[in-house]
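K.L.:
Before anything else, here's the structure in question.
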Amino acid sequence: MQATLTPNAPFTPPPVDGDFYRIADVLDDRERAVAARVRDFMETEVAPIIGDYWNRDKFPFELIPKMATLGIGGIGYEGYGAAGGSWLLNGIVAMELARIDSSIATFWGVHTGLSAGSIYLCGSEEQKQRWLPPMMRFEKIGSFGLTEPLVGSATSRGMMTTCRREDDTWILNGEKKWIGNSTFADLNVIWARDEDSGQVKGFVVEKDNPGFSVAKIELKMALRVVQNGHITLTDCRVPESDRLQDANTFKDTARVLRMTRAGVAWFAVGCGRGAYEHALRYATSRYQFGKPIGGFQLVQDLLARMLGNVTATECLMLRLGQLQDEGKMADEHASLAKAFCTVKCRETVGWARELLGGNGILLDHHVGRFVADAEAIYSYEGTREMNTLIVGKAITGLSAFV
């Protein structure tokens with residue numbers, strides 16, 4: 001008897017929800033409302049259009065005013081027009097953003113995390129009052145310039161961008177690469193090494209500074225919606241009033257990275273969860289041999305593996321968020337989370353791609369976009385190898401850095 005390719009009977013699958021261990025239940029009512037607003041925005045405003053923008057390598061600027069209404073600028077910060085709230089909520093929001101699209105999550109993370117976070121942690125009171133409120137309202141967008149064309153993981157010791165002081169002005173020279181938001185950002189946080197002291201200092205460079213130029217990086221295979229730029233600083237003159245007053249060594253830069261590295265781990269959780277949920281929907285709607293493919297053993301095995309990864313990383317990040325709120329999160333805690341969650345994300349999106357077969361490479365089915373974007377999350381904000389060395393130093397007491 002020949003197998004039929006049409007359903008024999010109607011089938012109503014259970015709801016799709018990757019929060020298998022009910023992590024969201026730890027949020028209070030206000031926090032759940034924020035997470036719900038973000039989820040609704042991502043599902044109704046972003047999901048229908050993001051594949052087209054990803055394909056065209058463009059950014060949906062029309063979404064920025066709508067994001068401003070969500071109340072997610074500066075979650076975890078206090079004052080300056082920031083949303084406030086817990087770091088755990090910050091993480092849940094990061095996951096909800098990346099669950100639909102890692103590029104929009106990255107835009108938000110660079111703007112409110114790395115860029116605004118540099119000002120929040122390293123700026124003077126006057127600088128915080130001047131820059132943070134419009135950034136929290138998404139009226140001024142920020143970028144974060146640390147990585148360089150020839151220096152990535154070795155930035156702490158090998159930074160080539162320089163600064164020197166002349167009276168009340170600093171002269172910056174150098175290049176920065178892979179800088180998200182920089183093609184359109186109003187405020188660019190730039191890190192440079194002082195020619196006199198050899199120490200790293202931070203500056204806010206406005207987009208209309210004549211010594212600042214940026215070219216969009218083209219032909220990316222991941223995070224195509226993110227507008228990454230290659231910045232060139234040529235005798236870029238920045239007033240002392242725009243130097244971050246509490247950014248005087250790379251240790252201050254590292255304070256910002258510690259705070260935001262946890263957010264990138266949450267992005268990895270969201271990316272993996274989004275791919276899993278798309279794969280689950282596909283498995284219950286794609287019919288072969290007269291029934292949904294979700295009824296076959298090998299498909300269920302893939303789904304269970306994906307769900308295990310998503311749940312394990314969600315639980316790890318729940319505890320990390322609690323440590324962050326308690327003021328107990330150290331570099332090694334954030335680094336272990338970033339390394340582990342990105343590995344598991346990469347694994348999960350690969351299984352989702354496998355489950356969808358040939359449809360897995362079509363933007364119409366979303367999973368291919370998650371597979372590509374996971375590659376960027378795996379590398380940025382510290383590679384897996386660098387993060388494992390931070391963990392290794394903490395647990396052995398021996399540094400393997402060279």
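Residue numbering restarts at 1 for every chain of the structure tokens, chains are lettered A, B, ... in their displayed order, and ligands are numbered from 1 as they appear.
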Could you produce a table of the residues of range 230-296 of chain A lying within 12 Å of range 82-91 of chain A, with the nearest pair of atoms per residue and their separation in Å rounded to one decimal, using only C-alpha atoms, ordered by chain and increasing residue number, as JSON lines?

P.N.:
{"residue": "A:Met259", "atom": "CA", "partner": "A:Trp87", "partner_atom": "CA", "distance": 9.5}
{"residue": "A:Thr260", "atom": "CA", "partner": "A:Gly91", "partner_atom": "CA", "distance": 10.0}
{"residue": "A:Arg261", "atom": "CA", "partner": "A:Gly91", "partner_atom": "CA", "distance": 10.7}
{"residue": "A:Ala262", "atom": "CA", "partner": "A:Gly91", "partner_atom": "CA", "distance": 7.7}
{"residue": "A:Gly263", "atom": "CA", "partner": "A:Gly91", "partner_atom": "CA", "distance": 5.9}
{"residue": "A:Val264", "atom": "CA", "partner": "A:Gly91", "partner_atom": "CA", "distance": 8.9}
{"residue": "A:Ala265", "atom": "CA", "partner": "A:Gly91", "partner_atom": "CA", "distance": 8.7}
{"residue": "A:Trp266", "atom": "CA", "partner": "A:Gly91", "partner_atom": "CA", "distance": 5.7}
{"residue": "A:Phe267", "atom": "CA", "partner": "A:Gly91", "partner_atom": "CA", "distance": 8.3}
{"residue": "A:Ala268", "atom": "CA", "partner": "A:Gly91", "partner_atom": "CA", "distance": 10.9}
{"residue": "A:Val269", "atom": "CA", "partner": "A:Gly91", "partner_atom": "CA", "distance": 9.7}
{"residue": "A:Gly270", "atom": "CA", "partner": "A:Gly91", "partner_atom": "CA", "distance": 9.7}

K.L.:
Please produce a file of the residues just selected, as a PDB file, in the first residue's frame, where the atoms kept are C-alpha atoms.

P.N.:
ATOM      1  CA  MET A 259      28.042  43.943  32.774  1.00  0.00           C
ATOM      2  CA  THR A 260      27.133  43.372  29.112  1.00  0.00           C
ATOM      3  CA  ARG A 261      28.690  39.918  28.610  1.00  0.00           C
ATOM      4  CA  ALA A 262      25.826  38.421  30.593  1.00  0.00           C
ATOM      5  CA  GLY A 263      23.447  40.055  28.125  1.00  0.00           C
ATOM      6  CA  VAL A 264      25.157  38.356  25.191  1.00  0.00           C
ATOM      7  CA  ALA A 265      24.729  35.005  26.925  1.00  0.00           C
ATOM      8  CA  TRP A 266      21.014  35.797  27.179  1.00  0.00           C
ATOM      9  CA  PHE A 267      21.034  36.558  23.419  1.00  0.00           C
ATOM     10  CA  ALA A 268      22.396  33.059  22.858  1.00  0.00           C
ATOM     11  CA  VAL A 269      19.577  31.594  24.943  1.00  0.00           C
ATOM     12  CA  GLY A 270      17.019  33.562  22.950  1.00  0.00           C
TER      13      GLY A 270
END

K.L.:
Skipping near chain neighbours, those fewer than 4 positions away, what residues fall within 10 Å of range 299-307 of chain A using only C-alpha atoms, listed as a list in words?

P.N.:
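Non-adjacent residues within range: Gly18, Asp19, Phe20, Gly272, Arg273, Ala275, Tyr276, Glu277, Ala279, Leu280, Ala283, Ile293, Gly294, Gly295, Thr311, Ala312, Thr313, Lys344, Cys345, Glu347, Thr348, Val349, Gly350, Trp351, Ala352, Glu354, Leu355 and Leu356 of chain A.
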
K.L.:
Enumerate, as JSON, numbers by chain, the complete set of residues in range 38-274 of chain A that a backbone-based DSSP assignment places in helix (DSSP H, G or I).

P.N.:
{"A": [38, 39, 40, 41, 42, 43, 44, 45, 46, 47, 48, 49, 50, 51, 52, 53, 54, 55, 56, 63, 64, 65, 66, 67, 68, 87, 88, 89, 90, 91, 92, 93, 94, 95, 96, 97, 98, 99, 100, 102, 103, 104, 105, 106, 107, 108, 109, 110, 111, 112, 113, 114, 115, 116, 117, 118, 119, 120, 121, 122, 125, 126, 127, 128, 129, 130, 131, 132, 133, 134, 135, 136, 155, 156, 157, 158, 240, 241, 242, 250, 251, 252, 253, 254, 255, 256, 257, 258, 259, 260, 261, 262, 263, 264, 265, 266, 267, 268, 269, 270, 271, 272, 273, 274]}

K.L.:
Which range 297-385 of chain A residues have any atom within 12 Å of an atom of range 143-157 of chain A, and for each, what is the nearest pair of atoms with distance in Å to one decimal, counting only C-alpha atoms, rows sorted by chain and number, as JSON lines?

P.N.:
{"residue": "A:Ser379", "atom": "CA", "partner": "A:Ser153", "partner_atom": "CA", "distance": 10.1}
{"residue": "A:Tyr380", "atom": "CA", "partner": "A:Gly152", "partner_atom": "CA", "distance": 9.4}
{"residue": "A:Glu381", "atom": "CA", "partner": "A:Ser153", "partner_atom": "CA", "distance": 9.3}
{"residue": "A:Gly382", "atom": "CA", "partner": "A:Ser153", "partner_atom": "CA", "distance": 6.7}
{"residue": "A:Thr383", "atom": "CA", "partner": "A:Ser153", "partner_atom": "CA", "distance": 7.4}
{"residue": "A:Arg384", "atom": "CA", "partner": "A:Ser153", "partner_atom": "CA", "distance": 10.5}
{"residue": "A:Glu385", "atom": "CA", "partner": "A:Ser153", "partner_atom": "CA", "distance": 9.5}

K.L.:
Generate a file of the selected residues that holds N, CA and C atoms, formatted as a PDB file, in the first residue's frame.

P.N.:
ATOM      1  N   SER A 379      31.035  34.643  18.513  1.00  0.00           N
ATOM      2  CA  SER A 379      32.341  35.300  18.480  1.00  0.00           C
ATOM      3  C   SER A 379      32.397  36.636  19.209  1.00  0.00           C
ATOM      4  N   TYR A 380      31.329  37.438  19.139  1.00  0.00           N
ATOM      5  CA  TYR A 380      31.493  38.795  19.680  1.00  0.00           C
ATOM      6  C   TYR A 380      31.385  38.823  21.201  1.00  0.00           C
ATOM      7  N   GLU A 381      31.845  39.952  21.765  1.00  0.00           N
ATOM      8  CA  GLU A 381      31.891  40.136  23.228  1.00  0.00           C
ATOM      9  C   GLU A 381      32.785  39.083  23.888  1.00  0.00           C
ATOM     10  N   GLY A 382      33.869  38.756  23.237  1.00  0.00           N
ATOM     11  CA  GLY A 382      34.810  37.772  23.780  1.00  0.00           C
ATOM     12  C   GLY A 382      34.576  36.402  23.193  1.00  0.00           C
ATOM     13  N   THR A 383      35.572  35.854  22.525  1.00  0.00           N
ATOM     14  CA  THR A 383      35.440  34.531  21.932  1.00  0.00           C
ATOM     15  C   THR A 383      35.307  33.464  23.019  1.00  0.00           C
ATOM     16  N   ARG A 384      34.879  32.281  22.606  1.00  0.00           N
ATOM     17  CA  ARG A 384      34.763  31.183  23.567  1.00  0.00           C
ATOM     18  C   ARG A 384      36.103  30.926  24.240  1.00  0.00           C
ATOM     19  N   GLU A 385      37.175  30.937  23.440  1.00  0.00           N
ATOM     20  CA  GLU A 385      38.499  30.612  23.996  1.00  0.00           C
ATOM     21  C   GLU A 385      38.939  31.636  25.046  1.00  0.00           C
TER      22      GLU A 385
END

K.L.:
Given only C-alpha atoms as the basis, pick out the residue of A:Arg319, A:Arg237, A:Arg224, A:Lys291 nearest to Ser103 in chain A.

P.N.:
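Of the candidates, the smallest distance to Ser103 in chain A is held by A:Arg224.
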
K.L.:
Excluding Pro60 in chain A and any residue of its chain fewer than 2 positions from it, enumerate the residues within 12 Å of it, using only C-alpha atoms, and give them as a short mmCIF file (atom, residue, chain, number, x, y, z; two decimals) with C-alpha atoms, in the first residue's frame.

P.N.:
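The result, written out as selection33.cif:
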data_model
loop_
_atom_site.label_atom_id
_atom_site.label_comp_id
_atom_site.auth_asym_id
_atom_site.auth_seq_id
_atom_site.Cartn_x
_atom_site.Cartn_y
_atom_site.Cartn_z
CA GLU A 45 6.15 44.41 14.52
CA VAL A 46 9.46 42.65 13.93
CA ALA A 47 8.77 39.05 12.90
CA PRO A 48 6.71 39.91 9.79
CA ILE A 49 9.37 42.22 8.28
CA ILE A 50 12.74 41.09 9.58
CA GLY A 51 13.47 38.48 6.93
CA ASP A 52 13.18 41.08 4.19
CA TYR A 53 15.48 43.51 6.01
CA TRP A 54 17.95 40.70 6.75
CA ARG A 56 18.57 43.34 1.99
CA ASP A 57 21.21 44.07 4.65
CA LYS A 58 19.18 47.04 5.89
CA GLU A 62 10.93 52.88 11.70
CA LEU A 63 11.08 50.48 14.65
CA ILE A 64 13.22 52.72 16.85
CA PRO A 65 10.41 55.08 17.99
CA LYS A 66 8.24 52.04 18.68
CA MET A 67 10.99 50.43 20.77
CA SER A 103 20.08 41.73 15.11
CA ILE A 104 17.40 43.77 16.87
CA PHE A 107 21.08 46.92 18.31
CA ARG A 224 22.88 41.38 8.49
CA VAL A 225 20.35 43.81 9.96
CA VAL A 226 22.99 45.21 12.33
CA GLN A 227 24.78 48.11 10.66
#

K.L.:
Find, counting only C-alpha atoms, the residue in A:Ile377, A:Ala98, A:Leu362, A:Val16 that gets nearest to Ala339 in chain A.

P.N.:
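Smallest distance to Ala339 in chain A is found for A:Ile377.
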
K.L.:
Determine, counting only C-alpha atoms, which protein, DNA and RNA residues have an atom within 6 Å of an atom of range 133-136 of chain A; residues of the same chain fewer than 6 positions away are not included. Present the result as a list in words.

P.N.:
Gly73, Tyr80, Gly81 and Ala82 of chain A

K.L.:
Using the selection just defined, write its residues with C-alpha atoms as a compact mmCIF listing (two decimals), in the first residue's frame.

P.N.:
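The file below, result.txt, is the result:
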# COMPACT_ATOMS: atom_id res chain seq x y z
CA GLY A 73 16.06 51.69 27.92
CA TYR A 80 18.79 59.35 34.36
CA GLY A 81 15.48 58.37 32.79
CA ALA A 82 16.42 54.70 32.78

K.L.:
When you count only C-alpha atoms, which of these residues is closest to Asp25 in chain A: A:Cys122, A:Val371, A:Ile92, A:Ala330?

P.N.:
A:Ile92

K.L.:
From the options A:Met221, A:Met42, A:Ala247, A:Val402, which residue's atoms come nearest to Ala372 in chain A, counting only C-alpha atoms?

P.N.:
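Selected residue with least distance to Ala372 in chain A: A:Met221.
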
K.L.:
For Ser182 in chain A, please output as JSON, numbers by chain all residues within 9 Å (counting only C-alpha atoms; exclusion window: fewer than 2 positions along the same chain).

P.N.:
{"A": [142, 143, 144, 145, 178, 179, 180, 184, 185, 186, 187, 188, 207, 214, 215, 216, 227, 228, 229, 230, 231]}

K.L.:
From the DSSP assignment of the backbone, select every residue of range 204-387 of chain A that is strand (DSSP E), and format the answer as a ChimeraX atom specification.

P.N.:
/A:204-206,212-216,228-239,287-288,291-292

K.L.:
Near Asp242 in chain A, counting only C-alpha atoms, which residues have an atom at most 10 Å away, once you skip same-chain residues fewer than 4 positions from it, shown as a PyMOL selection string?

P.N.:
chain A and resi 123-124+127+169-170+189+202-206+238

K.L.:
Keeping only C-alpha atoms, write those residues as an mmCIF file, in the first residue's frame.

P.N.:
data_model
loop_
_atom_site.group_PDB
_atom_site.id
_atom_site.type_symbol
_atom_site.label_atom_id
_atom_site.label_comp_id
_atom_site.auth_asym_id
_atom_site.auth_seq_id
_atom_site.Cartn_x
_atom_site.Cartn_y
_atom_site.Cartn_z
ATOM 1 C CA GLY A 123 30.959 59.070 33.068
ATOM 2 C CA SER A 124 30.875 62.020 35.433
ATOM 3 C CA GLN A 127 28.009 63.559 31.512
ATOM 4 C CA THR A 169 41.512 68.866 23.792
ATOM 5 C CA TRP A 170 42.344 65.236 23.049
ATOM 6 C CA VAL A 189 32.054 55.641 22.712
ATOM 7 C CA GLY A 202 37.203 56.442 26.956
ATOM 8 C CA PHE A 203 35.677 59.245 24.885
ATOM 9 C CA VAL A 204 32.286 60.142 23.471
ATOM 10 C CA VAL A 205 32.687 61.196 19.846
ATOM 11 C CA GLU A 206 29.696 62.741 18.117
ATOM 12 C CA VAL A 238 37.555 65.728 21.349
#

K.L.:
When you draw a straight line from CA of Ile141 in chain A to CA of Val93 in chain A, how long is it in Å?

P.N.:
18.8 Å

K.L.:
Show which residues sit within 6 Å of range 232-234 of chain A, as JSON, numbers by chain. Count only C-alpha atoms, and ignore same-chain residues fewer than 4 positions away.

P.N.:
{"A": [173, 174, 175, 211, 212, 213]}

K.L.:
Could you tell me how far CA of Pro210 in chain A lies from CA of Gln129 in chain A, in Å and to one decimal?

P.N.:
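Distance reported for this atom pair: 25.1 Å.
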
K.L.:
Quick one: pull the distance between CA of Asn387 in chain A and CA of Arg346 in chain A, Å, one decimal.

P.N.:
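Atom-to-atom, CA of Asn387 in chain A to CA of Arg346 in chain A, that is 16.3 Å.
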